[in-house]
$ cat model11.txt   # compact mmCIF, C-alpha atoms and all ligand atoms
# COMPACT_ATOMS: atom_id res chain seq x y z
CA MET O 1 -99.29 303.20 152.03
CA ARG O 2 -101.41 300.75 150.07
CA PHE O 3 -101.86 303.34 147.34
CA LEU O 4 -98.11 303.90 147.24
CA LEU O 5 -97.51 300.17 146.82
CA CYS O 6 -100.04 300.01 143.99
CA VAL O 7 -98.30 302.84 142.16
CA LEU O 8 -94.94 301.18 142.67
CA THR O 9 -96.24 297.86 141.36
CA LEU O 10 -97.78 299.53 138.33
CA SER O 11 -94.61 301.40 137.47
CA LEU O 12 -92.56 298.21 137.68
CA ALA O 13 -94.99 296.41 135.39
CA LEU O 14 -94.81 299.01 132.63
CA PRO O 15 -92.27 298.75 129.82
CA ALA O 16 -88.96 300.37 130.60
CA SER O 17 -89.34 302.97 127.86
CA ALA O 18 -91.71 304.86 125.63
CA GLN O 19 -90.13 303.11 122.65
CA VAL O 20 -90.50 303.89 118.99
CA ALA O 21 -94.03 304.78 117.83
CA ASN O 22 -95.17 303.13 114.59
CA GLY O 23 -91.70 301.69 114.01
CA ASP O 24 -93.24 299.00 111.78
CA PHE O 25 -94.98 301.63 109.63
CA GLU O 26 -98.29 299.79 109.89
CA SER O 27 -99.99 303.14 110.53
CA GLY O 28 -98.68 304.99 107.51
CA LEU O 29 -96.12 307.63 108.45
CA THR O 30 -97.85 308.49 111.75
CA ALA O 31 -95.38 309.63 114.44
CA TRP O 32 -92.65 310.28 111.87
CA ASN O 33 -91.55 313.74 110.81
CA VAL O 34 -91.16 313.80 107.04
CA TYR O 35 -88.68 316.02 105.24
CA ASN O 36 -88.93 315.94 101.46
CA PRO O 37 -86.70 318.60 99.91
CA TRP O 38 -86.95 317.43 96.32
CA PRO O 39 -89.16 319.39 93.93
CA GLY O 40 -89.34 316.78 91.16
CA PRO O 41 -92.76 315.06 90.92
CA SER O 42 -91.30 311.57 91.31
CA ASN O 43 -88.78 312.44 94.01
CA ARG O 44 -90.63 311.61 97.17
CA VAL O 45 -90.97 310.21 100.66
CA THR O 46 -94.01 307.94 100.76
CA HIS O 47 -95.61 305.00 102.54
CA SER O 48 -95.81 301.61 100.86
CA SER O 49 -97.00 298.09 101.64
CA ALA O 50 -93.74 296.60 100.31
CA GLY O 51 -92.20 296.35 103.78
CA ASN O 52 -90.67 293.53 105.78
CA PRO O 53 -93.52 292.75 106.10
CA GLY O 54 -96.44 295.13 105.60
CA GLY O 55 -96.01 298.87 105.68
CA CYS O 56 -92.72 300.68 105.24
CA VAL O 57 -91.39 304.09 104.27
CA VAL O 58 -89.99 304.57 100.77
CA LEU O 59 -87.57 307.29 99.72
CA GLN O 60 -87.33 307.61 95.98
CA LEU O 61 -85.16 309.61 93.61
CA GLU O 62 -85.95 309.81 89.93
CA VAL O 63 -83.76 311.28 87.20
CA PHE O 64 -84.24 315.03 87.06
CA ASP O 65 -81.58 317.59 86.37
CA GLY O 66 -80.54 319.06 89.67
CA SER O 67 -83.93 318.70 91.32
CA ASN O 68 -83.14 315.65 93.38
CA THR O 69 -79.93 316.76 95.03
CA GLY O 70 -80.16 317.08 98.79
CA GLU O 71 -81.43 314.62 101.36
CA GLY O 72 -84.95 313.53 102.20
CA TYR O 73 -85.71 311.64 105.39
CA VAL O 74 -88.14 310.58 108.09
CA GLU O 75 -87.21 311.21 111.70
CA GLN O 76 -88.50 310.37 115.17
CA ALA O 77 -87.39 311.21 118.70
CA PHE O 78 -88.16 308.67 121.42
CA ASN O 79 -87.01 307.50 124.83
CA CYS O 80 -85.06 304.29 124.43
CA GLY O 81 -85.04 302.54 127.81
CA GLY O 82 -84.83 305.51 130.08
CA ASP O 83 -81.77 304.44 132.07
CA ALA O 84 -78.54 305.76 130.57
CA SER O 85 -76.46 303.47 132.77
CA THR O 86 -77.54 300.47 130.67
CA MET O 87 -77.12 299.79 126.97
CA CYS O 88 -79.93 299.32 124.45
CA THR O 89 -80.06 298.38 120.80
CA ILE O 90 -81.71 300.41 118.07
CA SER O 91 -82.33 298.31 114.98
CA VAL O 92 -83.58 299.27 111.52
CA ASP O 93 -84.38 297.10 108.51
CA TYR O 94 -83.43 298.66 105.19
CA LYS O 95 -82.93 297.80 101.56
CA TYR O 96 -82.22 299.82 98.43
CA ALA O 97 -81.96 299.64 94.66
CA LYS O 98 -80.31 301.77 92.02
CA GLY O 99 -82.34 302.44 88.90
CA SER O 100 -81.10 301.68 85.41
CA LEU O 101 -81.08 305.39 84.48
CA ASP O 102 -78.79 306.43 87.31
CA GLN O 103 -75.54 307.92 86.12
CA GLY O 104 -72.70 307.32 88.49
CA ASP O 105 -72.59 307.36 92.27
CA GLY O 106 -76.01 308.92 92.58
CA GLY O 107 -77.67 307.98 95.86
CA LYS O 108 -76.65 307.35 99.45
CA VAL O 109 -78.76 305.56 102.05
CA HIS O 110 -78.16 307.10 105.47
CA ILE O 111 -79.11 306.25 109.06
CA TYR O 112 -78.42 308.88 111.71
CA ILE O 113 -78.73 308.60 115.48
CA ASP O 114 -78.80 311.93 117.33
CA ASP O 115 -77.69 313.78 114.18
CA VAL O 116 -74.60 311.57 113.87
CA LEU O 117 -74.29 309.61 110.63
CA LYS O 118 -74.04 305.94 111.69
CA LEU O 119 -74.56 304.11 108.42
CA THR O 120 -73.94 304.89 104.75
CA ALA O 121 -74.94 302.35 102.12
CA GLY O 122 -75.16 302.30 98.35
CA SER O 123 -72.38 302.54 95.77
CA PRO O 124 -71.74 301.59 92.15
CA GLN O 125 -70.09 298.43 93.50
CA GLU O 126 -73.19 297.50 95.52
CA PRO O 127 -76.13 299.04 93.67
CA THR O 128 -78.81 296.91 95.33
CA ARG O 129 -79.30 295.28 98.70
CA SER O 130 -82.11 293.05 99.99
CA TRP O 131 -83.55 293.50 103.50
CA THR O 132 -80.74 293.96 105.97
CA THR O 133 -80.91 294.75 109.69
CA ALA O 134 -78.64 297.50 111.00
CA VAL O 135 -78.04 297.39 114.76
CA PHE O 136 -76.66 300.24 116.88
CA TYR O 137 -75.70 300.05 120.56
CA VAL O 138 -76.66 303.13 122.51
CA PRO O 139 -77.17 304.20 126.14
CA CYS O 140 -80.80 303.64 127.17
CA GLU O 141 -81.99 307.23 127.02
CA ALA O 142 -83.58 309.74 124.64
CA HIS O 143 -82.53 309.39 121.02
CA THR O 144 -83.50 310.58 117.57
CA VAL O 145 -83.40 308.27 114.56
CA ARG O 146 -83.33 309.66 111.03
CA LEU O 147 -83.65 307.49 107.92
CA GLY O 148 -82.51 309.29 104.80
CA LEU O 149 -81.67 309.10 101.12
CA GLN O 150 -79.24 311.63 99.70
CA GLY O 151 -78.97 312.61 96.06
CA VAL O 152 -75.31 313.30 95.43
CA PHE O 153 -75.23 314.37 91.79
CA THR O 154 -77.89 315.54 89.41
CA LEU O 155 -78.82 312.33 87.65
CA ASN O 156 -79.99 310.06 90.47
CA GLN O 157 -82.35 307.13 90.33
CA TRP O 158 -82.33 305.38 93.67
CA THR O 159 -84.96 303.97 96.00
CA ALA O 160 -84.54 303.11 99.70
CA TRP O 161 -87.01 301.21 101.88
CA PHE O 162 -86.99 301.24 105.72
CA ASP O 163 -89.02 299.15 108.16
CA ASN O 164 -89.00 297.73 111.73
CA VAL O 165 -87.36 300.53 113.67
CA ARG O 166 -87.02 299.18 117.20
CA CYS O 167 -85.45 299.99 120.51
CA GLU O 168 -84.82 297.00 122.74
CA ALA O 169 -83.89 297.55 126.34
CA PRO O 170 -81.91 296.65 128.16
CA ILE O 171 -79.30 294.28 126.81
CA ALA O 172 -76.88 292.61 129.22
CA ALA O 173 -75.21 295.14 131.47
CA GLU O 174 -73.62 295.15 134.88
CA THR O 175 -76.50 297.16 136.25
CA SER O 176 -78.82 294.20 135.63
CA THR O 177 -77.02 292.13 138.25
CA TRP O 178 -78.67 290.90 141.41
CA GLY O 179 -76.86 293.57 143.38
CA HIS O 180 -78.61 296.30 141.40
CA VAL O 181 -81.99 294.63 141.71
CA LYS O 182 -81.48 294.34 145.46
CA ALA O 183 -80.61 298.01 145.63
CA LEU O 184 -83.83 298.93 143.83
CA TYR O 185 -85.94 297.09 146.38
CA ARG O 186 -84.27 298.52 149.48
CA CA O 201 -93.82 296.89 108.41
$ encode --input "model11.txt" --output "structure tokens"
Amino acid sequence: MRFLLCVLTLSLALPASAQVANGDFESGLTAWNVYNPWPGPSNRVTHSSAGNPGGCVVLQLEVFDGSNTGEGYVEQAFNCGGDASTMCTISVDYKYAKGSLDQGDGGKVHIYIDDVLKLTAGSPQEPTRSWTTAVFYVPCEAHTVRLGLQGVFTLNQWTAWFDNVRCEAPIAAETSTWGHVKALYR
């Protein structure tokens, strides 16, 4: 019985979820799956110290005929919270800049959750953006986050930076009421 109580105490003391690994990119691109479909030598997915702060991931398109169409990204699956009856937040810091050689509506910054496109940024009307935090409300369960940059036409020159990918759990929800806590301890 004492052993059982110890296990119970330990499990209650642990964080509610596995959370995002290396979401601040301070360990390079460890824990992130990298997909770089662009053959051009300066089209790339890399790690940089120009984050918010410290390390970050950089997706970069240079001007090459046809070789930078398609979408590069980093992606990670994680367990956000672990209790789908409550709501969590997934947040991502991002910024981007269009290069002077870009011709037209060349790049699109994308954030996907579970293969669903949740954010598109970048246009001729807003060719640069400083660090901005995107926040998504999701059930506290397993999710996949993908951070991408898409080359739309052939003459692209865009760069996107991503940092501070976080899952915070749980936010206010009815299941956090005293009644639920009491039920847990029955
Ligand atoms: Ca960082």
$ residues_around --input "model11.txt" --residues "segment 83-100 of chain O" --least-positions-apart "6" --cutoff "6 Å" --atoms "all atoms listed in the file" --output "VMD selection string"
chain O and resid 127 to 141 157 to 171 173
$ write_last_selection --input "model11.txt" --atoms "C-alpha atoms" --output "short mmCIF file (atom, residue, chain, number, x, y, z; two decimals), in the coordinates of the input"
data_model
loop_
_atom_site.label_atom_id
_atom_site.label_comp_id
_atom_site.auth_asym_id
_atom_site.auth_seq_id
_atom_site.Cartn_x
_atom_site.Cartn_y
_atom_site.Cartn_z
CA PRO O 127 -76.13 299.04 93.67
CA THR O 128 -78.81 296.91 95.33
CA ARG O 129 -79.30 295.28 98.70
CA SER O 130 -82.11 293.05 99.99
CA TRP O 131 -83.55 293.50 103.50
CA THR O 132 -80.74 293.96 105.97
CA THR O 133 -80.91 294.75 109.69
CA ALA O 134 -78.64 297.50 111.00
CA VAL O 135 -78.04 297.39 114.76
CA PHE O 136 -76.66 300.24 116.88
CA TYR O 137 -75.70 300.05 120.56
CA VAL O 138 -76.66 303.13 122.51
CA PRO O 139 -77.17 304.20 126.14
CA CYS O 140 -80.80 303.64 127.17
CA GLU O 141 -81.99 307.23 127.02
CA GLN O 157 -82.35 307.13 90.33
CA TRP O 158 -82.33 305.38 93.67
CA THR O 159 -84.96 303.97 96.00
CA ALA O 160 -84.54 303.11 99.70
CA TRP O 161 -87.01 301.21 101.88
CA PHE O 162 -86.99 301.24 105.72
CA ASP O 163 -89.02 299.15 108.16
CA ASN O 164 -89.00 297.73 111.73
CA VAL O 165 -87.36 300.53 113.67
CA ARG O 166 -87.02 299.18 117.20
CA CYS O 167 -85.45 299.99 120.51
CA GLU O 168 -84.82 297.00 122.74
CA ALA O 169 -83.89 297.55 126.34
CA PRO O 170 -81.91 296.65 128.16
CA ILE O 171 -79.30 294.28 126.81
CA ALA O 173 -75.21 295.14 131.47
#
$ residues_around --input "model11.txt" --residues "Asn68 of chain O" --least-positions-apart "3" --cutoff "7 Å" --atoms "only C-alpha atoms" --output "PyMOL selection string"
chain O and resi 38+40+43+61+64+151+154
$ closest_residue --input "model11.txt" --among "O:Ser49, O:Gln19, O:Thr144, O:Thr69" --to "ligand CA 201 (chain O)" --atoms "only C-alpha atoms and all ligand atoms"
O:Ser49
$ atom_distance --input "model11.txt" --atom1 "atom CA of Asn52 of chain O" --atom2 "atom CA of Pro39 of chain O"
28.5 Å
$ residues_near_ligand --input "model11.txt" --ligand "ligand CA 201 (chain O)" --cutoff "6 Å" --atoms "only C-alpha atoms and all ligand atoms" --output "MDAnalysis selection string"
chainID O and resid 24:26 51:56 163:164
$ closest_residue --input "model11.txt" --among "O:Arg146, O:Glu75, O:Asn22, O:Val63" --to "Leu101 of chain O" --atoms "only C-alpha atoms"
O:Val63
$ closest_residue --input "model11.txt" --among "O:Ala50, O:Ile111, O:Leu59, O:Leu119" --to "Pro37 of chain O" --atoms "all atoms listed in the file"
O:Leu59
$ atom_distance --input "model11.txt" --atom1 "atom CA of Val57 of chain O" --atom2 "atom CA of Pro124 of chain O"
23.2 Å
$ atom_distance --input "model11.txt" --atom1 "atom CA of Val20 of chain O" --atom2 "atom CA of Gly72 of chain O"
20.1 Å
$ residues_near_point --input "model11.txt" --point "(-88.4, 307.3, 119.2)" --cutoff "7 Å" --atoms "all atoms listed in the file" --output "PyMOL selection string"
chain O and resi 19-21+76-80+143-145
$ closest_residue --input "model11.txt" --among "O:Gly106, O:Gly70, O:Tyr112, O:Leu147" --to "Val34 of chain O" --atoms "all atoms listed in the file"
O:Leu147
$ closest_residue --input "model11.txt" --among "O:Gly148, O:Val74, O:Ala142, O:Gln103" --to "Lys118 of chain O" --atoms "all atoms listed in the file"
O:Gly148
